[in-house]
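Trainee: File follows, my_file39.txt with compact mmCIF, C-alpha atoms:
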```txt
# COMPACT_ATOMS: atom_id res chain seq x y z
CA MET A 33 0.00 0.00 0.00
CA LEU A 34 2.85 2.39 0.80
CA ALA A 35 4.60 1.45 -2.43
CA GLN A 36 1.40 2.10 -4.38
CA HIS A 37 1.42 5.63 -2.96
CA GLY A 38 4.96 6.23 -4.21
CA ALA A 39 6.87 5.73 -0.95
CA ASP A 40 10.39 4.35 -0.67
CA VAL A 41 9.97 1.16 1.38
CA SER A 42 12.39 -1.08 3.26
CA ILE A 43 11.15 -4.31 4.81
CA VAL A 44 12.97 -6.21 7.53
CA ALA A 45 12.50 -9.79 8.72
CA ARG A 46 14.64 -12.86 9.40
CA ASN A 47 13.53 -15.34 6.72
CA GLU A 48 15.27 -14.47 3.45
CA LYS A 49 12.98 -16.61 1.29
CA ARG A 50 9.87 -14.84 2.59
CA LEU A 51 11.61 -11.48 2.26
CA ALA A 52 12.38 -12.18 -1.40
CA ARG A 53 8.73 -13.06 -2.01
CA ALA A 54 7.55 -9.91 -0.22
CA LEU A 55 10.01 -7.77 -2.17
CA ARG A 56 8.61 -9.10 -5.44
CA ALA A 57 5.13 -8.04 -4.25
CA LEU A 58 6.50 -4.57 -3.47
CA GLU A 59 8.09 -4.32 -6.91
CA ALA A 60 4.77 -5.24 -8.50
CA ALA A 61 3.11 -2.42 -6.55
CA ARG A 62 5.66 0.29 -7.30
CA GLU A 63 4.10 3.58 -8.39
CA ASN A 64 7.11 4.99 -10.24
CA PRO A 65 10.55 3.80 -11.43
CA THR A 66 12.53 6.04 -9.05
CA GLN A 67 11.24 4.43 -5.85
CA ILE A 68 13.79 2.61 -3.70
CA LEU A 69 12.40 -0.74 -2.53
CA LYS A 70 14.67 -2.92 -0.39
CA ALA A 71 14.55 -6.01 1.83
CA TYR A 72 16.94 -6.76 4.70
CA SER A 73 17.41 -9.86 6.83
CA PHE A 74 17.91 -8.96 10.50
CA SER A 75 16.65 -10.13 13.86
CA VAL A 76 15.17 -7.04 15.53
CA ASP A 77 14.37 -8.32 19.04
CA THR A 78 17.51 -6.62 20.39
CA GLU A 79 18.53 -2.97 20.19
CA ALA A 80 21.75 -3.95 18.39
CA GLY A 81 19.84 -5.92 15.75
CA SER A 82 17.32 -3.14 15.25
CA ALA A 83 20.06 -0.52 14.99
CA ALA A 84 21.88 -2.62 12.37
CA ALA A 85 18.66 -2.98 10.37
CA LEU A 86 18.04 0.77 10.50
CA LYS A 87 21.60 1.51 9.46
CA ALA A 88 21.28 -0.78 6.43
CA ALA A 89 17.93 0.75 5.47
CA SER A 90 19.40 4.25 5.78
CA GLU A 91 22.42 3.68 3.53
CA PRO A 92 20.57 4.23 0.21
CA PHE A 93 19.47 7.62 1.59
CA ASP A 94 22.91 8.93 2.62
CA GLY A 95 22.38 7.75 6.18
CA MET A 96 18.98 9.43 6.71
CA CYS A 97 16.79 7.18 8.82
CA PRO A 98 13.25 6.25 7.71
CA GLU A 99 10.53 8.81 8.33
CA ALA A 100 8.02 6.17 9.39
CA LEU A 101 8.44 2.86 11.17
CA PHE A 102 5.65 0.28 10.92
CA LEU A 103 6.34 -2.33 13.60
CA CYS A 104 4.44 -5.50 12.74
CA ALA A 105 6.36 -8.30 14.46
CA GLY A 106 4.38 -10.77 16.55
CA ALA A 107 2.93 -14.28 16.55
CA ALA A 108 0.43 -16.15 18.70
CA ARG A 109 0.98 -19.72 19.88
CA PRO A 110 -2.18 -20.35 21.87
CA SER A 111 -2.37 -23.11 24.47
CA TYR A 112 -3.45 -23.59 28.07
CA TRP A 113 -1.65 -21.81 30.90
CA VAL A 114 -0.83 -25.06 32.74
CA GLU A 115 1.03 -26.25 29.62
CA GLN A 116 3.40 -23.27 29.69
CA THR A 117 6.99 -23.14 30.90
CA GLU A 118 9.20 -20.23 31.84
CA GLU A 119 10.75 -20.56 28.38
CA THR A 120 7.43 -20.24 26.52
CA LEU A 121 6.47 -17.23 28.66
CA ARG A 122 9.73 -15.49 27.80
CA ASP A 123 9.43 -16.46 24.12
CA GLY A 124 5.95 -14.94 24.02
CA MET A 125 7.26 -11.60 25.27
CA GLN A 126 10.27 -11.77 22.96
CA ILE A 127 8.05 -12.21 19.90
CA SER A 128 5.12 -9.99 20.84
CA TYR A 129 6.89 -7.17 22.68
CA TRP A 130 10.66 -6.96 22.39
CA ALA A 131 10.92 -6.96 18.59
CA GLN A 132 8.71 -3.87 18.35
CA ALA A 133 10.08 -2.20 21.49
CA CYS A 134 13.71 -2.53 20.41
CA THR A 135 12.99 -1.20 16.93
CA ALA A 136 11.11 1.76 18.42
CA LEU A 137 14.05 2.41 20.73
CA ALA A 138 16.69 2.32 18.01
CA GLY A 139 14.48 4.21 15.57
CA SER A 140 13.48 7.01 17.91
CA LYS A 141 17.12 7.58 18.89
CA GLU A 142 18.06 8.03 15.24
CA MET A 143 15.09 10.30 14.56
CA VAL A 144 16.03 12.54 17.48
CA LYS A 145 19.73 12.65 16.52
CA GLN A 146 18.91 13.49 12.89
CA GLY A 147 16.02 15.84 13.63
CA VAL A 148 13.53 13.66 11.73
CA LYS A 149 9.94 14.46 12.69
CA GLY A 150 8.75 10.97 11.93
CA LYS A 151 6.10 8.43 12.85
CA ILE A 152 6.32 5.23 14.89
CA VAL A 153 3.41 2.85 14.34
CA PHE A 154 3.03 -0.14 16.67
CA VAL A 155 0.80 -3.08 15.73
CA ALA A 156 -0.70 -4.68 18.82
CA SER A 157 -3.99 -6.60 18.82
CA VAL A 158 -7.53 -6.20 20.04
CA LEU A 159 -6.25 -8.61 22.72
CA ALA A 160 -4.40 -5.63 24.20
CA PHE A 161 -7.82 -4.50 25.51
CA PHE A 162 -8.93 -7.87 26.92
CA SER A 163 -7.89 -11.51 26.82
CA ILE A 164 -9.41 -14.96 27.06
CA VAL A 165 -8.39 -18.58 27.62
CA GLY A 166 -5.48 -19.66 25.44
CA TYR A 167 -3.66 -16.35 25.03
CA SER A 168 -1.60 -16.24 28.23
CA THR A 169 1.72 -16.05 26.33
CA TYR A 170 0.48 -13.64 23.65
CA ALA A 171 -1.78 -11.02 25.23
CA PRO A 172 0.74 -9.85 27.89
CA GLY A 173 3.14 -8.66 25.19
CA LYS A 174 0.35 -6.78 23.44
CA PHE A 175 -0.75 -5.16 26.71
CA ALA A 176 2.90 -4.18 27.22
CA LEU A 177 3.05 -2.60 23.75
CA ARG A 178 0.01 -0.54 24.63
CA GLY A 179 1.72 0.72 27.79
CA LEU A 180 4.88 1.54 25.85
CA ALA A 181 2.92 3.43 23.20
CA GLU A 182 1.12 5.43 25.91
CA SER A 183 4.49 6.48 27.36
CA LEU A 184 6.01 7.36 24.00
CA GLN A 185 2.93 9.22 22.75
CA SER A 186 3.56 11.60 25.65
CA GLU A 187 7.35 11.74 25.61
CA LEU A 188 8.10 11.88 21.89
CA GLN A 189 6.08 15.07 21.54
CA LEU A 190 9.34 16.65 22.75
CA TYR A 191 10.76 15.87 19.30
CA ASP A 192 7.59 16.17 17.14
CA ILE A 193 7.58 12.40 16.57
CA GLU A 194 4.09 10.95 16.18
CA VAL A 195 3.20 7.65 17.86
CA HIS A 196 0.32 5.41 16.77
CA ILE A 197 -0.78 1.95 17.88
CA SER A 198 -3.11 -0.34 15.98
CA PHE A 199 -5.36 -2.99 17.55
CA PRO A 200 -6.42 -5.31 14.73
CA PRO A 201 -8.84 -8.21 15.24
CA THR A 202 -8.32 -11.69 13.78
CA ILE A 203 -6.36 -11.40 10.52
CA PHE A 204 -6.66 -14.24 8.01
CA THR A 205 -2.98 -14.93 7.35
CA PRO A 206 -0.73 -18.02 7.22
CA GLY A 207 0.20 -17.13 10.81
CA TYR A 208 -3.45 -17.42 11.81
CA GLN A 209 -3.66 -20.86 10.22
CA GLU A 210 -0.54 -21.87 12.14
CA GLU A 211 -1.85 -20.66 15.51
CA ASN A 212 -5.06 -22.63 15.04
CA LYS A 213 -3.01 -25.86 15.08
CA THR A 214 -2.33 -25.45 18.82
CA LYS A 215 -5.33 -23.33 19.79
CA PRO A 216 -7.43 -24.89 22.58
CA ALA A 217 -10.83 -26.22 21.55
CA ILE A 218 -12.62 -23.79 23.86
CA THR A 219 -10.77 -20.84 22.30
CA LEU A 220 -11.80 -21.98 18.83
CA LYS A 221 -15.39 -22.25 20.04
CA ILE A 222 -15.38 -18.74 21.53
CA GLU A 223 -13.98 -17.37 18.28
CA GLU A 224 -16.54 -19.11 16.05
CA SER A 225 -18.48 -15.89 15.54
CA ASP A 226 -15.35 -13.81 14.82
CA SER A 227 -15.70 -12.63 11.24
CA GLY A 228 -12.08 -11.44 11.07
CA LEU A 229 -10.43 -9.28 8.41
CA THR A 230 -8.04 -9.73 5.51
CA PRO A 231 -4.50 -8.31 5.74
CA GLN A 232 -5.50 -5.76 3.10
CA GLN A 233 -8.41 -4.52 5.22
CA VAL A 234 -6.21 -4.18 8.30
CA ALA A 235 -3.48 -2.40 6.33
CA ALA A 236 -6.03 0.03 4.91
CA GLY A 237 -7.33 0.75 8.41
CA ILE A 238 -3.83 1.41 9.75
CA PHE A 239 -2.97 3.64 6.79
CA ARG A 240 -6.18 5.62 7.23
CA GLY A 241 -5.67 5.92 10.99
CA VAL A 242 -2.14 7.26 10.57
CA GLN A 243 -3.32 9.74 7.94
CA ASN A 244 -6.06 10.93 10.32
CA GLY A 245 -3.57 11.32 13.15
CA ASN A 246 -5.31 8.77 15.40
CA PHE A 247 -3.26 7.50 18.32
CA HIS A 248 -5.37 4.37 18.93
CA ILE A 249 -6.27 2.78 15.59
CA THR A 250 -9.05 0.19 15.37
CA THR A 251 -10.95 -1.33 12.48
CA GLY A 252 -14.67 -2.07 12.76
CA TRP A 253 -17.28 -1.37 15.43
CA ILE A 254 -16.12 -4.15 17.75
CA GLY A 255 -12.59 -2.75 17.89
CA ASP A 256 -13.98 0.77 18.29
CA THR A 257 -16.14 -0.39 21.21
CA PHE A 258 -13.20 -1.95 23.04
CA ARG A 259 -10.99 1.05 22.25
CA ALA A 260 -13.46 3.63 23.50
CA SER A 261 -14.30 1.57 26.59
CA ALA A 262 -10.64 1.19 27.59
CA ALA A 263 -9.30 4.57 26.45
CA GLY A 264 -8.61 6.03 29.89
CA SER A 265 -6.89 9.39 29.35
CA SER A 266 -5.68 8.53 25.82
CA PRO A 267 -6.45 11.00 23.00
CA ARG A 268 -9.87 10.31 21.49
CA ASN A 269 -10.49 9.78 17.78
CA SER A 270 -13.89 11.50 18.03
CA TYR A 271 -15.39 12.70 21.30
CA LEU A 272 -18.94 12.19 20.06
CA LEU A 273 -18.51 8.77 18.46
CA ASP A 274 -16.23 7.51 21.23
CA THR A 275 -18.82 8.52 23.83
CA LEU A 276 -21.42 6.47 21.95
CA TYR A 277 -19.06 3.49 21.58
CA ALA A 278 -18.13 3.68 25.27
CA GLY A 279 -21.80 3.80 26.30
CA PHE A 280 -22.58 0.80 24.15
CA GLY A 281 -19.55 -1.04 25.54
CA TYR A 282 -20.59 -0.31 29.12
CA VAL A 283 -23.72 -2.38 28.52
CA PHE A 284 -22.61 -4.88 25.88
CA LEU A 285 -19.07 -5.91 26.88
CA PRO A 286 -19.84 -7.26 30.40
CA LEU A 287 -22.71 -9.29 28.93
CA TRP A 288 -20.45 -10.64 26.19
CA ARG A 289 -17.79 -11.54 28.75
CA LYS A 290 -20.37 -13.36 30.85
CA THR A 291 -21.25 -15.57 27.88
CA VAL A 292 -17.53 -16.29 27.35
CA ASP A 293 -17.08 -17.22 31.01
CA LEU A 294 -20.07 -19.55 30.85
CA GLN A 295 -18.59 -21.25 27.79
CA VAL A 296 -15.31 -21.77 29.66
CA GLN A 297 -17.08 -23.21 32.69
CA ASP A 298 -19.11 -25.57 30.51
CA HIS A 299 -15.83 -26.77 28.98
CA ARG A 300 -14.39 -27.88 32.35
CA GLU A 301 -15.17 -31.60 32.03
CA GLU A 302 -13.84 -31.79 28.48
CA HIS A 303 -10.73 -29.90 29.56
CA TYR A 304 -9.95 -32.29 32.41
CA GLU A 305 -10.27 -35.17 29.95
CA TYR A 306 -7.80 -33.36 27.68
CA LEU A 307 -5.32 -32.96 30.56
CA LYS A 308 -5.54 -36.68 31.32
CA ASN A 309 -5.02 -37.64 27.67
CA CYS A 310 -1.96 -35.42 27.32
CA GLY A 311 -0.43 -36.80 30.53
CA PHE A 312 -0.66 -33.66 32.67
CA LEU A 313 -3.03 -35.41 35.10
CA THR A 314 -2.39 -39.00 36.09
CA THR A 315 -5.72 -39.69 37.81
```
Could you spell out this file's structure in structure tokens?

Mentor:
Amino acid sequence: MLAQHGADVSIVARNEKRLARALRALEAARENPTQILKAYSFSVDTEAGSAAALKAASEPFDGMCPEALFLCAGAARPSYWVEQTEETLRDGMQISYWAQACTALAGSKEMVKQGVKGKIVFVASVLAFFSIVGYSTYAPGKFALRGLAESLQSELQLYDIEVHISFPPTIFTPGYQEENKTKPAITLKIEESDSGLTPQQVAAGIFRGVQNGNFHITTGWIGDTFRASAAGSSPRNSYLLDTLYAGFGYVFLPLWRKTVDLQVQDHREEHYEYLKNCGFLTT
């Protein structure tokens, strides 16, 4: 979408084969022949890795760092809490939080040093507003991103750097198909009515939100209801609409959560049978 609007775009990930495929998609979307479209293989879950990625992406522009950072790293590996280990808890935070936090850290330092009045766009999840069974290793990182964005939205005004954070719902991607392989049965049942969105729909919502200057970016009335209900002192997208969404959420969300809790309770017997079959319980 950025390439279609004529932007110079650099993409960063670890897997070189997927990067090459993504770069071909960028090339197909280029708006003019002078655009610079690049792909770089780096691990960005450390400040050093993020700084190296930014340095590489800056080289074609005489060292000038990117004007906008879209931080999209993250993956869900749903399963029950009692199946977790310290390692899986730390991995969840590494994937869902540290990759974006470290890139924001390295990127904001460069923007400040170079006087770039840029944009930092985090991609969290609607699960940064609430969570349910199965997401104990995923949701905490997204909640943490929300807290980081709240801090930076305040602090980076010192340098005229805009901060945005997106809260997309279910996105129909290969990653979603992968997470469903380990997702608990009760989680799948709760999500049966989730209509979800395509990556293109989510990207369009993020692009529109950034253009509109929205700090919290949501797509669809469900996301808007959660956003307005949990906004606290965050800047509002629209005082009138957000008041209506918050009022609706005050009535609707507790009722919805009650139905979710009842589904979980009804699943108890089936869950205990699952724990016996997987060897967690011996009697």

Trainee: Might you pull out every residue within 10 Å of segment 297-308 of chain A, with all atoms listed in the file counted and same-chain residues fewer than 4 positions away left off, and present them as a list of chain:residue names?

Mentor: A:Tyr112, A:Val114, A:Glu115, A:Pro216, A:Ala217, A:Ile218, A:Thr291, A:Val292, A:Asp293, A:Phe312, A:Leu313, A:Thr314, A:Thr315

Trainee: One number please: atom CA of Trp130 of chain A to atom CA of Cys97 of chain A, in Å, one decimal.

Mentor: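 Those two atoms sit 20.5 Å apart.
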
Trainee: Quick one: residues within 9 Å of Tyr167 of chain A, only C-alpha atoms counted, chain neighbours fewer than 2 positions away excluded, as JSON, numbers by chain?

Mentor: {"A": [108, 109, 110, 111, 112, 113, 159, 163, 164, 165, 169, 170, 171, 172, 215, 219]}

Trainee: Extract, using only C-alpha atoms, all DNA, RNA and protein residues at most 9 Å from Ser198 of chain A, discarding same-chain residues fewer than 2 positions from it, and format them as a PyMOL selection string.

Mentor: chain A and resi 153-158+196+200+237-238+241+247-251

Trainee: Check the smallest atom-to-atom distance from each of A:Ala105, A:Ala160, A:Leu273, A:Ala100 to Ser140 of chain A using all atoms listed in the file, then report the winner.

Mentor: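 Smallest distance to Ser140 of chain A is found for A:Ala100.
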
Trainee: Please determine, counting all atoms listed in the file, which residue among A:Ala88, A:Ala263, A:Val44, A:Ala107 has the shortest atom-to-atom distance to Met125 of chain A.

Mentor: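 Result for the nearest residue to Met125 of chain A: A:Ala107.
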
Trainee: Which is closest to Ala57 of chain A among A:Met33, A:Leu103, A:Ala39, A:Val148, if we use all atoms listed in the file?

Mentor: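 Of the candidates, the smallest distance to Ala57 of chain A is held by A:Met33.
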
Trainee: So that all listed atoms of segment 208-213 of chain A fit with 6 Å spare on each side, what axis-aligned box centre and edge lengths in Å, to one decimal, would you give as AutoDock Vina command-line options?

Mentor:
```
--center_x -2.8 --center_y -21.6 --center_z 12.9 --size_x 16.5 --size_y 20.4 --size_z 17.3
```

Trainee: A:Asp40, A:Asp226, A:Glu194, A:Glu99: which is nearest Lys70 of chain A, counting all atoms listed in the file?

Mentor: A:Asp40

Trainee: Considering only C-alpha atoms, state which residue in the set A:Gln295, A:Phe161, A:Tyr208, A:Leu55 is at the smallest distance from Ala260 of chain A.

Mentor: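 Once distances to Ala260 of chain A are computed over only C-alpha atoms, the minimum belongs to A:Phe161.
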
Trainee: Which of these, A:Gly38, A:Glu142, A:Gln132, A:Cys104, has the shortest distance to Leu69 of chain A once you count only C-alpha atoms?

Mentor: A:Gly38

Trainee: Enter the distance from atom CA of Tyr271 of chain A to atom CA of Ala236 of chain A, in Å, rounded to one decimal.

Mentor: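 The value is 22.7 Å.
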
Trainee: Would you mind reading off the distance between atom CA of Tyr282 of chain A and atom CA of Ser261 of chain A, one decimal, in Å?

Mentor: 7.0 Å

Trainee: Please list as a ChimeraX atom specification every residue within 12 Å of Phe280 of chain A, counting all atoms listed in the file and excluding residues in the same chain fewer than 5 positions away.

Mentor: /A:253-254,256-261,273-275,285-288

Trainee: Need to verify the contact set: Tyr72 of chain A, 9 Å, only C-alpha atoms, exclusion of same-chain residues closer than 3 positions in sequence. Can you return it as a PyMOL selection string?

Mentor: chain A and resi 42-46+48+51+85+88-89

Trainee: Taking the point (17.1, -2.4, 20.0) as given in the file, collect each protein or nucleic acid residue that comes within 8 Å of it, counting all atoms listed in the file, and present the set as an MDAnalysis selection string.

Mentor: chainID A and resid 76:83 131 133:138
